[in-house]
Each structure stands twice: as structure tokens, then as C-alpha cells.
>>> print(open('protein.pdb').read())   # PDB, N, CA and C atoms
ATOM      1  N   MET A   1      19.662 -14.922  -4.628
ATOM      2  CA  MET A   1      20.491 -14.444  -5.701
ATOM      3  C   MET A   1      19.623 -13.916  -6.833
ATOM      4  N   TRP A   2      20.189 -13.041  -7.642
ATOM      5  CA  TRP A   2      19.426 -12.389  -8.699
ATOM      6  C   TRP A   2      18.998 -13.364  -9.790
ATOM      7  N   PHE A   3      19.741 -14.451 -10.039
ATOM      8  CA  PHE A   3      19.375 -15.363 -11.119
ATOM      9  C   PHE A   3      18.273 -16.338 -10.706
ATOM     10  N   ASN A   4      17.929 -16.397  -9.428
ATOM     11  CA  ASN A   4      16.824 -17.234  -8.949
ATOM     12  C   ASN A   4      15.565 -16.417  -8.704
ATOM     13  N   LYS A   5      15.524 -15.199  -9.243
ATOM     14  CA  LYS A   5      14.389 -14.317  -9.010
ATOM     15  C   LYS A   5      13.122 -14.870  -9.631
ATOM     16  N   LYS A   6      12.031 -14.765  -8.881
ATOM     17  CA  LYS A   6      10.732 -15.162  -9.411
ATOM     18  C   LYS A   6      10.185 -14.023 -10.259
ATOM     19  N   PRO A   7       9.347 -14.338 -11.269
ATOM     20  CA  PRO A   7       8.757 -13.261 -12.055
ATOM     21  C   PRO A   7       7.879 -12.372 -11.180
ATOM     22  N   ARG A   8       7.962 -11.071 -11.420
ATOM     23  CA  ARG A   8       7.172 -10.131 -10.626
ATOM     24  C   ARG A   8       5.728 -10.155 -11.074
ATOM     25  N   THR A   9       4.825 -10.181 -10.119
ATOM     26  CA  THR A   9       3.412  -9.995 -10.418
ATOM     27  C   THR A   9       2.922  -8.881  -9.520
ATOM     28  N   LYS A  10       2.319  -7.908 -10.083
ATOM     29  CA  LYS A  10       1.836  -6.753  -9.343
ATOM     30  C   LYS A  10       0.343  -6.619  -9.595
ATOM     31  N   GLY A  11      -0.456  -7.358  -8.843
ATOM     32  CA  GLY A  11      -1.902  -7.294  -9.036
ATOM     33  C   GLY A  11      -2.263  -7.834 -10.399
ATOM     34  N   PRO A  12      -2.962  -7.049 -11.204
ATOM     35  CA  PRO A  12      -3.363  -7.543 -12.528
ATOM     36  C   PRO A  12      -2.274  -7.428 -13.587
ATOM     37  N   LEU A  13      -1.106  -6.879 -13.233
ATOM     38  CA  LEU A  13      -0.023  -6.706 -14.193
ATOM     39  C   LEU A  13       1.029  -7.785 -13.987
ATOM     40  N   TYR A  14       1.531  -8.345 -15.092
ATOM     41  CA  TYR A  14       2.526  -9.412 -15.038
ATOM     42  C   TYR A  14       3.768  -8.960 -15.791
ATOM     43  N   PHE A  15       4.869  -8.820 -15.058
ATOM     44  CA  PHE A  15       6.130  -8.358 -15.618
ATOM     45  C   PHE A  15       6.894  -9.574 -16.123
ATOM     46  N   GLU A  16       7.052  -9.653 -17.436
ATOM     47  CA  GLU A  16       7.744 -10.768 -18.058
ATOM     48  C   GLU A  16       8.909 -10.239 -18.884
ATOM     49  N   LYS A  17       9.664 -11.147 -19.463
ATOM     50  CA  LYS A  17      10.842 -10.767 -20.238
ATOM     51  C   LYS A  17      10.485  -9.860 -21.421
ATOM     52  N   ASP A  18       9.358 -10.127 -22.069
ATOM     53  CA  ASP A  18       8.967  -9.381 -23.261
ATOM     54  C   ASP A  18       8.257  -8.066 -22.961
ATOM     55  N   GLY A  19       7.873  -7.830 -21.726
ATOM     56  CA  GLY A  19       7.178  -6.599 -21.380
ATOM     57  C   GLY A  19       6.229  -6.792 -20.222
ATOM     58  N   ILE A  20       5.306  -5.866 -20.087
ATOM     59  CA  ILE A  20       4.299  -5.920 -19.035
ATOM     60  C   ILE A  20       3.005  -6.385 -19.677
ATOM     61  N   PHE A  21       2.399  -7.434 -19.127
ATOM     62  CA  PHE A  21       1.201  -8.017 -19.701
ATOM     63  C   PHE A  21       0.017  -7.872 -18.759
ATOM     64  N   MET A  22      -1.167  -7.780 -19.355
ATOM     65  CA  MET A  22      -2.420  -7.758 -18.607
ATOM     66  C   MET A  22      -3.376  -8.712 -19.324
ATOM     67  N   TYR A  23      -3.962  -9.635 -18.586
ATOM     68  CA  TYR A  23      -4.878 -10.624 -19.145
ATOM     69  C   TYR A  23      -6.280 -10.329 -18.629
ATOM     70  N   THR A  24      -7.242 -10.186 -19.547
ATOM     71  CA  THR A  24      -8.614  -9.866 -19.166
ATOM     72  C   THR A  24      -9.608 -10.661 -20.000
ATOM     73  N   GLN A  25     -10.829 -10.730 -19.494
ATOM     74  CA  GLN A  25     -11.932 -11.347 -20.223
ATOM     75  C   GLN A  25     -13.147 -10.447 -20.073
ATOM     76  N   SER A  26     -13.819 -10.173 -21.188
ATOM     77  CA  SER A  26     -15.002  -9.319 -21.146
ATOM     78  C   SER A  26     -16.215 -10.137 -20.718
ATOM     79  N   LYS A  27     -17.309  -9.446 -20.427
ATOM     80  CA  LYS A  27     -18.551 -10.130 -20.058
ATOM     81  C   LYS A  27     -19.093 -10.946 -21.219
ATOM     82  N   GLN A  28     -18.758 -10.567 -22.448
ATOM     83  CA  GLN A  28     -19.187 -11.311 -23.634
ATOM     84  C   GLN A  28     -18.344 -12.564 -23.855
ATOM     85  N   GLY A  29     -17.228 -12.701 -23.122
ATOM     86  CA  GLY A  29     -16.374 -13.875 -23.240
ATOM     87  C   GLY A  29     -15.129 -13.675 -24.073
ATOM     88  N   THR A  30     -14.902 -12.479 -24.586
ATOM     89  CA  THR A  30     -13.715 -12.208 -25.389
ATOM     90  C   THR A  30     -12.496 -12.140 -24.485
ATOM     91  N   LEU A  31     -11.421 -12.817 -24.895
ATOM     92  CA  LEU A  31     -10.173 -12.808 -24.140
ATOM     93  C   LEU A  31      -9.220 -11.764 -24.714
ATOM     94  N   PHE A  32      -8.539 -11.052 -23.824
ATOM     95  CA  PHE A  32      -7.570 -10.037 -24.223
ATOM     96  C   PHE A  32      -6.245 -10.312 -23.530
ATOM     97  N   ARG A  33      -5.172 -10.363 -24.306
ATOM     98  CA  ARG A  33      -3.813 -10.409 -23.787
ATOM     99  C   ARG A  33      -3.162  -9.118 -24.254
ATOM    100  N   THR A  34      -2.961  -8.192 -23.333
ATOM    101  CA  THR A  34      -2.521  -6.850 -23.678
ATOM    102  C   THR A  34      -1.074  -6.636 -23.249
ATOM    103  N   ILE A  35      -0.245  -6.177 -24.178
ATOM    104  CA  ILE A  35       1.129  -5.806 -23.867
ATOM    105  C   ILE A  35       1.135  -4.305 -23.583
ATOM    106  N   LEU A  36       1.671  -3.927 -22.439
ATOM    107  CA  LEU A  36       1.696  -2.523 -22.031
ATOM    108  C   LEU A  36       3.122  -1.989 -22.117
ATOM    109  N   ARG A  37       3.277  -0.808 -22.664
ATOM    110  CA  ARG A  37       4.581  -0.162 -22.806
ATOM    111  C   ARG A  37       4.697   0.977 -21.794
ATOM    112  N   LYS A  38       5.823   1.040 -21.107
ATOM    113  CA  LYS A  38       6.010   2.069 -20.076
ATOM    114  C   LYS A  38       5.969   3.477 -20.657
ATOM    115  N   GLY A  39       6.510   3.678 -21.813
ATOM    116  CA  GLY A  39       6.561   5.019 -22.389
ATOM    117  C   GLY A  39       5.298   5.443 -23.105
ATOM    118  N   TYR A  40       4.339   4.523 -23.249
ATOM    119  CA  TYR A  40       3.154   4.834 -24.042
ATOM    120  C   TYR A  40       1.851   4.691 -23.253
ATOM    121  N   ASP A  41       1.659   3.573 -22.588
ATOM    122  CA  ASP A  41       0.389   3.289 -21.925
ATOM    123  C   ASP A  41       0.270   3.904 -20.531
ATOM    124  N   PHE A  42       1.374   4.080 -19.853
ATOM    125  CA  PHE A  42       1.347   4.598 -18.486
ATOM    126  C   PHE A  42       1.517   6.108 -18.498
ATOM    127  N   GLN A  43       0.738   6.787 -17.654
ATOM    128  CA  GLN A  43       0.786   8.242 -17.577
ATOM    129  C   GLN A  43       1.373   8.659 -16.239
ATOM    130  N   SER A  44       2.323   9.556 -16.254
ATOM    131  CA  SER A  44       2.863  10.108 -15.012
ATOM    132  C   SER A  44       1.883  11.121 -14.457
ATOM    133  N   ASN A  45       1.674  11.077 -13.161
ATOM    134  CA  ASN A  45       0.757  11.988 -12.489
ATOM    135  C   ASN A  45       1.583  12.919 -11.614
ATOM    136  N   TYR A  46       1.593  14.207 -11.926
ATOM    137  CA  TYR A  46       2.381  15.172 -11.177
ATOM    138  C   TYR A  46       1.569  15.868 -10.100
ATOM    139  N   ASP A  47       0.286  15.590 -10.026
ATOM    140  CA  ASP A  47      -0.566  16.146  -8.983
ATOM    141  C   ASP A  47      -0.556  15.203  -7.786
ATOM    142  N   GLU A  48      -1.415  15.478  -6.828
ATOM    143  CA  GLU A  48      -1.543  14.592  -5.671
ATOM    144  C   GLU A  48      -2.150  13.270  -6.106
ATOM    145  N   GLY A  49      -1.828  12.227  -5.364
ATOM    146  CA  GLY A  49      -2.362  10.914  -5.679
ATOM    147  C   GLY A  49      -1.275   9.981  -6.162
ATOM    148  N   PRO A  50      -1.652   8.951  -6.907
ATOM    149  CA  PRO A  50      -0.659   7.966  -7.363
ATOM    150  C   PRO A  50       0.319   8.572  -8.366
ATOM    151  N   ALA A  51       1.539   8.024  -8.395
ATOM    152  CA  ALA A  51       2.578   8.549  -9.283
ATOM    153  C   ALA A  51       2.330   8.185 -10.738
ATOM    154  N   ILE A  52       1.721   7.005 -10.981
ATOM    155  CA  ILE A  52       1.520   6.519 -12.343
ATOM    156  C   ILE A  52       0.095   6.001 -12.481
ATOM    157  N   ILE A  53      -0.519   6.291 -13.620
ATOM    158  CA  ILE A  53      -1.896   5.869 -13.875
ATOM    159  C   ILE A  53      -1.954   5.138 -15.219
ATOM    160  N   LEU A  54      -2.708   4.045 -15.240
ATOM    161  CA  LEU A  54      -2.970   3.313 -16.467
ATOM    162  C   LEU A  54      -4.474   3.343 -16.707
ATOM    163  N   ASP A  55      -4.893   3.971 -17.797
ATOM    164  CA  ASP A  55      -6.283   3.966 -18.248
ATOM    165  C   ASP A  55      -6.302   3.318 -19.616
ATOM    166  N   LYS A  56      -7.019   2.209 -19.741
ATOM    167  CA  LYS A  56      -7.014   1.454 -20.988
ATOM    168  C   LYS A  56      -8.439   1.011 -21.295
ATOM    169  N   GLU A  57      -8.853   1.171 -22.539
ATOM    170  CA  GLU A  57     -10.137   0.664 -23.005
ATOM    171  C   GLU A  57      -9.867  -0.367 -24.083
ATOM    172  N   LEU A  58     -10.496  -1.531 -23.939
ATOM    173  CA  LEU A  58     -10.327  -2.626 -24.884
ATOM    174  C   LEU A  58     -11.669  -2.923 -25.518
ATOM    175  N   VAL A  59     -11.680  -3.043 -26.841
ATOM    176  CA  VAL A  59     -12.916  -3.281 -27.582
ATOM    177  C   VAL A  59     -12.801  -4.615 -28.301
ATOM    178  N   GLY A  60     -13.825  -5.452 -28.145
ATOM    179  CA  GLY A  60     -13.864  -6.743 -28.824
ATOM    180  C   GLY A  60     -14.385  -6.593 -30.240
ATOM    181  N   GLN A  61     -14.838  -7.687 -30.822
ATOM    182  CA  GLN A  61     -15.300  -7.658 -32.205
ATOM    183  C   GLN A  61     -16.664  -7.005 -32.350
ATOM    184  N   ARG A  62     -17.437  -6.964 -31.272
ATOM    185  CA  ARG A  62     -18.743  -6.302 -31.323
ATOM    186  C   ARG A  62     -18.664  -4.977 -30.583
ATOM    187  N   SER A  63     -19.495  -4.037 -30.950
ATOM    188  CA  SER A  63     -19.427  -2.710 -30.352
ATOM    189  C   SER A  63     -19.824  -2.697 -28.881
ATOM    190  N   ASP A  64     -20.627  -3.664 -28.440
ATOM    191  CA  ASP A  64     -21.026  -3.698 -27.036
ATOM    192  C   ASP A  64     -20.056  -4.516 -26.181
ATOM    193  N   ASP A  65     -18.969  -4.979 -26.772
ATOM    194  CA  ASP A  65     -17.951  -5.775 -26.086
ATOM    195  C   ASP A  65     -16.810  -4.848 -25.680
ATOM    196  N   LEU A  66     -16.991  -4.117 -24.576
ATOM    197  CA  LEU A  66     -16.067  -3.065 -24.170
ATOM    198  C   LEU A  66     -15.601  -3.289 -22.736
ATOM    199  N   LEU A  67     -14.306  -3.151 -22.512
ATOM    200  CA  LEU A  67     -13.702  -3.226 -21.191
ATOM    201  C   LEU A  67     -13.022  -1.908 -20.892
ATOM    202  N   SER A  68     -13.135  -1.461 -19.665
ATOM    203  CA  SER A  68     -12.462  -0.245 -19.237
ATOM    204  C   SER A  68     -11.626  -0.584 -18.001
ATOM    205  N   VAL A  69     -10.314  -0.324 -18.074
ATOM    206  CA  VAL A  69      -9.390  -0.670 -17.001
ATOM    207  C   VAL A  69      -8.758   0.597 -16.457
ATOM    208  N   HIS A  70      -8.714   0.703 -15.119
ATOM    209  CA  HIS A  70      -8.054   1.825 -14.451
ATOM    210  C   HIS A  70      -7.170   1.245 -13.347
ATOM    211  N   VAL A  71      -5.853   1.475 -13.451
ATOM    212  CA  VAL A  71      -4.901   0.969 -12.465
ATOM    213  C   VAL A  71      -4.053   2.137 -11.983
ATOM    214  N   GLU A  72      -3.885   2.225 -10.664
ATOM    215  CA  GLU A  72      -3.034   3.243 -10.061
ATOM    216  C   GLU A  72      -1.793   2.565  -9.502
ATOM    217  N   LEU A  73      -0.617   3.141  -9.809
ATOM    218  CA  LEU A  73       0.660   2.553  -9.398
ATOM    219  C   LEU A  73       1.526   3.590  -8.701
ATOM    220  N   ASP A  74       2.469   3.102  -7.882
ATOM    221  CA  ASP A  74       3.438   4.019  -7.299
ATOM    222  C   ASP A  74       4.620   4.170  -8.261
ATOM    223  N   GLU A  75       5.648   4.887  -7.849
ATOM    224  CA  GLU A  75       6.771   5.166  -8.755
ATOM    225  C   GLU A  75       7.589   3.925  -9.110
ATOM    226  N   ASN A  76       7.445   2.834  -8.365
ATOM    227  CA  ASN A  76       8.148   1.576  -8.655
ATOM    228  C   ASN A  76       7.256   0.570  -9.373
ATOM    229  N   TYR A  77       6.153   1.021  -9.908
ATOM    230  CA  TYR A  77       5.177   0.197 -10.630
ATOM    231  C   TYR A  77       4.544  -0.881  -9.748
ATOM    232  N   ASN A  78       4.411  -0.596  -8.453
ATOM    233  CA  ASN A  78       3.642  -1.452  -7.566
ATOM    234  C   ASN A  78       2.195  -0.994  -7.626
ATOM    235  N   VAL A  79       1.267  -1.928  -7.780
ATOM    236  CA  VAL A  79      -0.146  -1.585  -7.924
ATOM    237  C   VAL A  79      -0.701  -1.116  -6.592
ATOM    238  N   ILE A  80      -1.305   0.073  -6.598
ATOM    239  CA  ILE A  80      -1.980   0.605  -5.428
ATOM    240  C   ILE A  80      -3.439   0.179  -5.452
ATOM    241  N   SER A  81      -4.085   0.364  -6.598
ATOM    242  CA  SER A  81      -5.477  -0.061  -6.750
ATOM    243  C   SER A  81      -5.742  -0.376  -8.222
ATOM    244  N   SER A  82      -6.733  -1.236  -8.443
ATOM    245  CA  SER A  82      -7.102  -1.592  -9.810
ATOM    246  C   SER A  82      -8.606  -1.758  -9.887
ATOM    247  N   GLU A  83      -9.147  -1.378 -11.036
ATOM    248  CA  GLU A  83     -10.592  -1.431 -11.252
ATOM    249  C   GLU A  83     -10.848  -1.795 -12.713
ATOM    250  N   ILE A  84     -11.837  -2.645 -12.930
ATOM    251  CA  ILE A  84     -12.201  -3.035 -14.291
ATOM    252  C   ILE A  84     -13.717  -2.989 -14.410
ATOM    253  N   ASN A  85     -14.194  -2.430 -15.510
ATOM    254  CA  ASN A  85     -15.626  -2.378 -15.800
ATOM    255  C   ASN A  85     -15.886  -3.147 -17.086
ATOM    256  N   GLY A  86     -16.859  -4.035 -17.053
ATOM    257  CA  GLY A  86     -17.224  -4.786 -18.237
ATOM    258  C   GLY A  86     -16.505  -6.107 -18.389
ATOM    259  N   GLY A  87     -15.855  -6.596 -17.332
ATOM    260  CA  GLY A  87     -15.149  -7.861 -17.428
ATOM    261  C   GLY A  87     -14.420  -8.187 -16.150
ATOM    262  N   LYS A  88     -13.385  -9.016 -16.274
ATOM    263  CA  LYS A  88     -12.602  -9.406 -15.104
ATOM    264  C   LYS A  88     -11.153  -9.634 -15.507
ATOM    265  N   PHE A  89     -10.269  -9.530 -14.499
ATOM    266  CA  PHE A  89      -8.858  -9.817 -14.696
ATOM    267  C   PHE A  89      -8.648 -11.325 -14.632
ATOM    268  N   LEU A  90      -7.666 -11.818 -15.394
ATOM    269  CA  LEU A  90      -7.308 -13.221 -15.399
ATOM    270  C   LEU A  90      -5.831 -13.379 -15.062
ATOM    271  N   THR A  91      -5.464 -14.565 -14.599
ATOM    272  CA  THR A  91      -4.056 -14.909 -14.449
ATOM    273  C   THR A  91      -3.586 -15.481 -15.788
ATOM    274  N   PRO A  92      -2.277 -15.544 -16.030
ATOM    275  CA  PRO A  92      -1.811 -16.146 -17.289
ATOM    276  C   PRO A  92      -2.268 -17.593 -17.454
ATOM    277  N   GLN A  93      -2.346 -18.347 -16.365
ATOM    278  CA  GLN A  93      -2.793 -19.732 -16.433
ATOM    279  C   GLN A  93      -4.262 -19.812 -16.840
ATOM    280  N   GLU A  94      -5.108 -18.967 -16.250
ATOM    281  CA  GLU A  94      -6.527 -18.942 -16.620
ATOM    282  C   GLU A  94      -6.688 -18.556 -18.087
ATOM    283  N   TYR A  95      -5.904 -17.571 -18.528
ATOM    284  CA  TYR A  95      -5.970 -17.136 -19.920
ATOM    285  C   TYR A  95      -5.620 -18.283 -20.863
ATOM    286  N   GLU A  96      -4.549 -19.015 -20.570
ATOM    287  CA  GLU A  96      -4.129 -20.132 -21.420
ATOM    288  C   GLU A  96      -5.202 -21.220 -21.473
ATOM    289  N   GLU A  97      -5.799 -21.552 -20.323
ATOM    290  CA  GLU A  97      -6.849 -22.578 -20.292
ATOM    291  C   GLU A  97      -8.056 -22.159 -21.122
ATOM    292  N   LEU A  98      -8.486 -20.923 -20.962
ATOM    293  CA  LEU A  98      -9.650 -20.439 -21.698
ATOM    294  C   LEU A  98      -9.363 -20.310 -23.202
ATOM    295  N   SER A  99      -8.143 -19.897 -23.560
ATOM    296  CA  SER A  99      -7.825 -19.760 -24.974
ATOM    297  C   SER A  99      -7.729 -21.131 -25.653
ATOM    298  N   LYS A 100      -7.305 -22.153 -24.943
ATOM    299  CA  LYS A 100      -7.278 -23.504 -25.516
ATOM    300  C   LYS A 100      -8.672 -24.040 -25.762
ATOM    301  N   LYS A 101      -9.617 -23.685 -24.884
ATOM    302  CA  LYS A 101     -11.001 -24.125 -25.048
ATOM    303  C   LYS A 101     -11.646 -23.470 -26.265
ATOM    304  N   GLU A 102     -11.240 -22.240 -26.570
ATOM    305  CA  GLU A 102     -11.841 -21.485 -27.672
ATOM    306  C   GLU A 102     -11.290 -21.851 -29.045
ATOM    307  N   GLU A 103     -10.136 -22.500 -29.095
ATOM    308  CA  GLU A 103      -9.520 -22.823 -30.388
ATOM    309  C   GLU A 103     -10.423 -23.770 -31.175
ATOM    310  N   PRO A 104     -10.671 -23.457 -32.459
ATOM    311  CA  PRO A 104     -11.468 -24.366 -33.258
ATOM    312  C   PRO A 104     -10.710 -25.662 -33.541
ATOM    313  N   LYS A 105     -11.445 -26.751 -33.585
ATOM    314  CA  LYS A 105     -10.801 -28.051 -33.814
ATOM    315  C   LYS A 105     -10.869 -28.456 -35.257
TER     316      LYS A 105
END
>>> encode(input="protein.pdb", output="C-alpha cells")
Amino acid sequence: MWFNKKPRTKGPLYFEKDGIFMYTQSKQGTLFRTILRKGYDFQSNYDEGPAIILDKELVGQRSDDLLSVHVELDENYNVISSEINGGKFLTPQEYEELSKKEEPK
């Protein structure tokens, strides 16, 4: 039934009630929780290849703390391929654990 639906996860993208989220960590250790908007962050591709492309660059507090994300999706927002330079993708659980460790006491 529709009310017992599990939350959709499509590779590094997490579809939640508030929007589409992406959780990442840079090589420097900076955590990023990014909210993605369909009308702004995703680009329609009218040429050959994937129907939708997400290119996102995230910058931490230092200039050398840079992440570059490239995700290719089909027309239903299913992830075809994903690539990240300068860091790694996290699950929401990993993000929460790491963010709790970083909180000052």
C-alpha cells in the first residue's frame, strides 16, 4: 500500500519529505548536508546520454577543502552513475554519527 512506502534512496541521493538530500564528507573532514532542488540544481540534458545531470561543487571553510560531485540520472530521477572528487558519499546514519562526534562539548 502507498502509506507503507519506504523512503526512496537512489544511490547517493536521499528522497525525503523536505526534499532531495545528499550527504558528503571532504578529505579534510568537513561534513556537508546538501538540499537539492529539482528546478535549480538538476539540469535537463536534451542531447544523447542521461536525461538529467547534477553537477555540484561544495567548498568548506578553507580554500583547499573542495568537493566536486557529478551524478547522472534518468527521467525518473534514478541514478545511472555517480562520481565524487575530493571526498566521499555518506549515508544519513553515517552523517549523524560523524556530526555528533564533531559537536563541541
>>> closest_residue(input="protein.pdb", among="A:Gly49, A:Gly87, A:Ser68, A:Asn78", to="Gly29 (chain A)", atoms="only N, CA and C atoms")
A:Gly87
>>> closest_residue(input="protein.pdb", among="A:Lys38, A:Lys27, A:Lys56, A:Arg62", to="Tyr77 (chain A)", atoms="only C-alpha atoms")
A:Lys38
>>> closest_atom_pairs(input="protein.pdb", of="region 19-58 of chain A", to="region 90-93 of chain A", cutoff="7 Å", atoms="all atoms listed in the file", output="JSON lines")
{"residue": "A:Met22", "atom": "C", "partner": "A:Leu90", "partner_atom": "N", "distance": 6.6}
{"residue": "A:Tyr23", "atom": "C", "partner": "A:Leu90", "partner_atom": "N", "distance": 3.8}
{"residue": "A:Thr24", "atom": "CA", "partner": "A:Leu90", "partner_atom": "N", "distance": 4.4}
{"residue": "A:Gln25", "atom": "N", "partner": "A:Leu90", "partner_atom": "N", "distance": 5.3}
>>> resolve_selection(input="protein.pdb", expression="the PyMOL selection byres ((chain A and resi 43) around 7)", output="PyMOL selection string")
chain A and resi 38+40-42+44-45+51-55
>>> write_last_selection(input="protein.pdb", atoms="N, CA and C atoms", output="PDB file, in the coordinates of the input")
ATOM      1  N   LYS A  38       5.823   1.040 -21.107  1.00  0.00           N
ATOM      2  CA  LYS A  38       6.010   2.069 -20.076  1.00  0.00           C
ATOM      3  C   LYS A  38       5.969   3.477 -20.657  1.00  0.00           C
ATOM      4  N   TYR A  40       4.339   4.523 -23.249  1.00  0.00           N
ATOM      5  CA  TYR A  40       3.154   4.834 -24.042  1.00  0.00           C
ATOM      6  C   TYR A  40       1.851   4.691 -23.253  1.00  0.00           C
ATOM      7  N   ASP A  41       1.659   3.573 -22.588  1.00  0.00           N
ATOM      8  CA  ASP A  41       0.389   3.289 -21.925  1.00  0.00           C
ATOM      9  C   ASP A  41       0.270   3.904 -20.531  1.00  0.00           C
ATOM     10  N   PHE A  42       1.374   4.080 -19.853  1.00  0.00           N
ATOM     11  CA  PHE A  42       1.347   4.598 -18.486  1.00  0.00           C
ATOM     12  C   PHE A  42       1.517   6.108 -18.498  1.00  0.00           C
ATOM     13  N   SER A  44       2.323   9.556 -16.254  1.00  0.00           N
ATOM     14  CA  SER A  44       2.863  10.108 -15.012  1.00  0.00           C
ATOM     15  C   SER A  44       1.883  11.121 -14.457  1.00  0.00           C
ATOM     16  N   ASN A  45       1.674  11.077 -13.161  1.00  0.00           N
ATOM     17  CA  ASN A  45       0.757  11.988 -12.489  1.00  0.00           C
ATOM     18  C   ASN A  45       1.583  12.919 -11.614  1.00  0.00           C
ATOM     19  N   ALA A  51       1.539   8.024  -8.395  1.00  0.00           N
ATOM     20  CA  ALA A  51       2.578   8.549  -9.283  1.00  0.00           C
ATOM     21  C   ALA A  51       2.330   8.185 -10.738  1.00  0.00           C
ATOM     22  N   ILE A  52       1.721   7.005 -10.981  1.00  0.00           N
ATOM     23  CA  ILE A  52       1.520   6.519 -12.343  1.00  0.00           C
ATOM     24  C   ILE A  52       0.095   6.001 -12.481  1.00  0.00           C
ATOM     25  N   ILE A  53      -0.519   6.291 -13.620  1.00  0.00           N
ATOM     26  CA  ILE A  53      -1.896   5.869 -13.875  1.00  0.00           C
ATOM     27  C   ILE A  53      -1.954   5.138 -15.219  1.00  0.00           C
ATOM     28  N   LEU A  54      -2.708   4.045 -15.240  1.00  0.00           N
ATOM     29  CA  LEU A  54      -2.970   3.313 -16.467  1.00  0.00           C
ATOM     30  C   LEU A  54      -4.474   3.343 -16.707  1.00  0.00           C
ATOM     31  N   ASP A  55      -4.893   3.971 -17.797  1.00  0.00           N
ATOM     32  CA  ASP A  55      -6.283   3.966 -18.248  1.00  0.00           C
ATOM     33  C   ASP A  55      -6.302   3.318 -19.616  1.00  0.00           C
TER      34      ASP A  55
END
>>> residues_around(input="protein.pdb", residues="Val69 (chain A)", least_positions_apart="5", cutoff="8 Å", atoms="only N, CA and C atoms", output="list in words")
Leu54, Asp55, Lys56, Glu57, Leu58, Ser82, Glu83, Ile84, Asn85 and Gly86 of chain A
>>> atom_distance(input="protein.pdb", atom1="atom N of Lys88 (chain A)", atom2="CA of Leu66 (chain A)")
10.2 Å
>>> atom_distance(input="protein.pdb", atom1="atom N of Arg33 (chain A)", atom2="atom N of Ile80 (chain A)")
20.9 Å
>>> atom_distance(input="protein.pdb", atom1="CA of Ile20 (chain A)", atom2="CA of Asn76 (chain A)")
13.4 Å
>>> residues_around(input="protein.pdb", residues="Leu31 (chain A)", least_positions_apart="3", cutoff="8 Å", atoms="only N, CA and C atoms", output="ChimeraX atom specification")
/A:23-26,28,34,60,95,98-99
>>> closest_residue(input="protein.pdb", among="A:Gln61, A:Val79, A:Val71, A:Pro50", to="Thr30 (chain A)", atoms="only N, CA and C atoms")
A:Gln61
>>> select_by_dssp(input="protein.pdb", residues="region 21-97 of chain A", states="strand (DSSP E or B)", output="VMD selection string")
chain A and resid 21 to 26 31 to 36 42 to 44 52 to 59 66 to 73 79 to 85 87 to 90
>>> select_by_dssp(input="protein.pdb", residues="chain A", states="alpha helix (DSSP H)", output="JSON, numbers by chain")
{"A": [92, 93, 94, 95, 96, 97, 98, 99, 100, 101, 102]}
>>> closest_residue(input="protein.pdb", among="A:Glu48, A:Phe32, A:Ser81, A:Asp65", to="Glu94 (chain A)", atoms="only C-alpha atoms")
A:Phe32
